[in-house]
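Notes follow once the structure below has been shown.
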Amino acid sequence: GAVVSQHPSWVICKSGTSVKIECRSLDFQATTMFWYRQFPKQSLMLMATSNEGSKATYEQGVEKDKFLINHASLTLSTLTVTSAHPEDSSFYICSALTPPEYGYTFGSGTRLTVV
Amino acid sequence: GENVEQHPSTLSVQEGDSAVIKCTYSDSASNYFPWYKQELGKGPQLIIDIRSNVGEKKDQRIAVTLNKTAKHFSLHITETQPEDSAVYFCAAPGAAGNKLTFGGGTRVLVKP
């Protein structure tokens with residue numbers, strides 16, 4: 001079946017630094033990927049939708065200058081959290097729209113802790 | 001946009017019993033209804049999904065039913081086992097096309 005690989009699985013960074021999270025589709029081409037954020041004991045909240053070769057579409061309330069998304073190839077999308085602060089600590093999860101029936105395949109998630 | 005409500009938020013069952021989780025959605029244009037299982041520290045895993053052209057789908061101990069008129073769908077787990085303990089999420093895409101909106105989640109605990 002379709003596999004989405006997400007790295008790193010966890011990262012600790014200092015406040016003010018930037019962190020990049022990668023999401024790769026291993027055995028299919030992902031024209032559309034999604035980035036979610038999940039706080040403890042809460043549901044997944046969509047942050048943005050990225051389409052290969054074009055600018056990401058951000059959900060209301062998500063700062064596009066803080067959460068930079070790049071989808072430069074059909075198999076890779078990246079999320080960069082810039083100038084991270086403790087309130088950005090969360091579980092970040094990517095997802096890809098998966099052919100042929102266009103379901104959704106999720107990555108394993110990245111636990112970001114900003115200290 | 002789409003609004004998905006999920007009940008109950010927690011569910012405790014005895015091993016071997018059945019578990020039922022219900023979701024309602026707001027956008028009648030939604031045509032795809034997946035259910036995900038999420039274990040602690042991991043991403044969601046698809047366990048079953050249904051499209052709007054069918055009313056029921058079954059995969060071993062798991063089944064999903066869909067009522068498009070009432071705009072609700074349900075997950076049924078029979079003969080529950082301790083390894084079924086996890087958080088379960090329903091979702092729907094809405095008229096926007098491909099953006100999944102998730103329900104609030106149900107924490108299921110199967111007691112041996």
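Within each chain, counting starts at residue 1; across the structure tokens, chains are named A, B, ... in the order shown, with ligands numbered 1 upward in that order.
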
- Shell of 9 Å around Thr24 of chain B, only C-alpha atoms, local chain residues under 5 positions omitted, as an NGL selection string: :B and (3-7 or 70-74 or 103)

Output file for the residues above (C-alpha atoms, as a PDB file, in the first residue's frame):
```pdb
ATOM      1  CA  ASN B   3     -18.292  20.491  10.479  1.00  0.00           C
ATOM      2  CA  VAL B   4     -17.899  16.982  11.886  1.00  0.00           C
ATOM      3  CA  GLU B   5     -19.147  16.002  15.320  1.00  0.00           C
ATOM      4  CA  GLN B   6     -18.178  12.733  16.959  1.00  0.00           C
ATOM      5  CA  HIS B   7     -19.660  10.899  19.950  1.00  0.00           C
ATOM      6  CA  ALA B  70     -29.463  12.059   7.968  1.00  0.00           C
ATOM      7  CA  LYS B  71     -25.817  12.988   7.341  1.00  0.00           C
ATOM      8  CA  HIS B  72     -24.344  10.578   9.789  1.00  0.00           C
ATOM      9  CA  PHE B  73     -22.023   7.600   9.704  1.00  0.00           C
ATOM     10  CA  SER B  74     -20.968   5.124  12.334  1.00  0.00           C
ATOM     11  CA  GLY B 103     -14.236  14.773  14.357  1.00  0.00           C
TER      12      GLY B 103
END
```

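The part of chain A that reaches within 6 Å of chain B is made up of Ser43, Gly107, Ser108 and Gly109 of chain A, counting only C-alpha atoms.
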
Write the residues of the preceding selection, restricted to C-alpha atoms, as a compact mmCIF listing (two decimals), in the first residue's frame.
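The result, written out as out.txt:
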```
# COMPACT_ATOMS: atom_id res chain seq x y z
CA SER A 43 -8.12 16.37 17.21
CA GLY A 107 2.84 10.17 7.94
CA SER A 108 3.90 8.97 11.37
CA GLY A 109 4.07 12.47 12.81
```

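Proximity to segment 97-101 of chain A at 7 Å, evaluated using only C-alpha atoms and with sequence-adjacent residues fewer than 6 positions away removed, yields Ala30, Thr32 and Met33 of chain A.
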
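For Tyr36 of chain A, the set of protein, DNA and RNA residues having any atom at most 7 Å away, when counting only C-alpha atoms and skipping those fewer than 5 positions along the same chain, is Leu44, Met45, Leu46, Met47, Tyr92, Ile93 and Cys94 of chain A.
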
- Task: State, in Å with one decimal place, the distance from atom CA of Val20 of chain B to atom CA of Asp59 of chain B.
- Result: 15.0 Å

- For Ser77 of chain A, the nearest of the candidates A:Cys23, A:Ala96, A:Ala48, A:Val114, counting only C-alpha atoms: A:Cys23

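Nearest-residue note for Asn67 of chain B: choosing from B:Ser18, B:Gln81, B:Thr10, B:Ser52, the minimum distance belongs to B:Ser52, counting only C-alpha atoms.
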
Residues at most 9 Å from Ala2 of chain A, counting only C-alpha atoms, excluding those fewer than 6 positions away in the same chain, as a PDB file with C-alpha atoms, in the first residue's frame?
```pdb
ATOM      1  CA  SER A  25       5.604   9.751  -0.601  1.00  0.00           C
ATOM      2  CA  LEU A  26       7.609   6.571  -1.159  1.00  0.00           C
ATOM      3  CA  ASP A  27       5.723   4.654  -3.815  1.00  0.00           C
ATOM      4  CA  PHE A  28       3.413   7.139  -5.465  1.00  0.00           C
ATOM      5  CA  THR A  98      -3.288   8.944  -2.614  1.00  0.00           C
ATOM      6  CA  PRO A  99      -4.149   7.560  -6.045  1.00  0.00           C
ATOM      7  CA  THR A 105      -2.260   8.438   3.662  1.00  0.00           C
TER       8      THR A 105
END
```

- strand (DSSP E or B) call set, DSSP backbone run, segment 21-102 of chain A, as an NGL selection string: :A and (21-25 or 32-38 or 45-51 or 57-58 or 67-73 or 76-81 or 90-98)

Same residues, C-alpha atoms, output as an mmCIF file, in the first residue's frame:
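Final output, part03.cif:
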```cif
data_model
loop_
_atom_site.group_PDB
_atom_site.id
_atom_site.type_symbol
_atom_site.label_atom_id
_atom_site.label_comp_id
_atom_site.auth_asym_id
_atom_site.auth_seq_id
_atom_site.Cartn_x
_atom_site.Cartn_y
_atom_site.Cartn_z
ATOM 1 C CA ILE A 21 10.043 18.608 8.836
ATOM 2 C CA GLU A 22 10.029 16.431 5.724
ATOM 3 C CA CYS A 23 7.244 14.361 4.280
ATOM 4 C CA ARG A 24 7.910 11.952 1.411
ATOM 5 C CA SER A 25 5.604 9.751 -0.601
ATOM 6 C CA THR A 32 -1.435 17.306 -3.009
ATOM 7 C CA MET A 33 -0.209 17.106 0.570
ATOM 8 C CA PHE A 34 -1.656 18.392 3.804
ATOM 9 C CA TRP A 35 -0.104 19.517 7.061
ATOM 10 C CA TYR A 36 -1.890 19.107 10.378
ATOM 11 C CA ARG A 37 -1.120 20.106 13.934
ATOM 12 C CA GLN A 38 -2.372 18.157 16.923
ATOM 13 C CA MET A 45 -6.354 20.629 12.820
ATOM 14 C CA LEU A 46 -5.518 21.348 9.200
ATOM 15 C CA MET A 47 -2.829 23.984 8.831
ATOM 16 C CA ALA A 48 -2.331 24.116 5.088
ATOM 17 C CA THR A 49 -2.713 22.358 1.774
ATOM 18 C CA SER A 50 0.245 22.169 -0.572
ATOM 19 C CA ASN A 51 0.126 21.419 -4.267
ATOM 20 C CA THR A 57 -3.005 27.430 0.855
ATOM 21 C CA TYR A 58 -3.172 28.180 4.562
ATOM 22 C CA PHE A 67 5.007 27.940 8.901
ATOM 23 C CA LEU A 68 6.747 27.776 5.543
ATOM 24 C CA ILE A 69 5.605 24.992 3.270
ATOM 25 C CA ASN A 70 7.449 23.875 0.159
ATOM 26 C CA HIS A 71 6.205 21.232 -2.251
ATOM 27 C CA ALA A 72 8.861 21.361 -4.926
ATOM 28 C CA SER A 73 8.541 17.794 -6.175
ATOM 29 C CA LEU A 76 8.448 15.723 -1.141
ATOM 30 C CA SER A 77 6.770 18.409 0.928
ATOM 31 C CA THR A 78 8.478 20.240 3.766
ATOM 32 C CA LEU A 79 7.207 22.293 6.678
ATOM 33 C CA THR A 80 9.612 24.757 8.266
ATOM 34 C CA VAL A 81 8.675 26.258 11.608
ATOM 35 C CA SER A 90 2.975 20.206 19.132
ATOM 36 C CA PHE A 91 2.592 17.040 17.075
ATOM 37 C CA TYR A 92 2.819 17.811 13.359
ATOM 38 C CA ILE A 93 1.441 15.325 10.860
ATOM 39 C CA CYS A 94 1.520 15.299 7.076
ATOM 40 C CA SER A 95 -0.876 13.551 4.743
ATOM 41 C CA ALA A 96 -0.969 12.888 1.027
ATOM 42 C CA LEU A 97 -3.856 12.465 -1.339
ATOM 43 C CA THR A 98 -3.288 8.944 -2.614
#
```
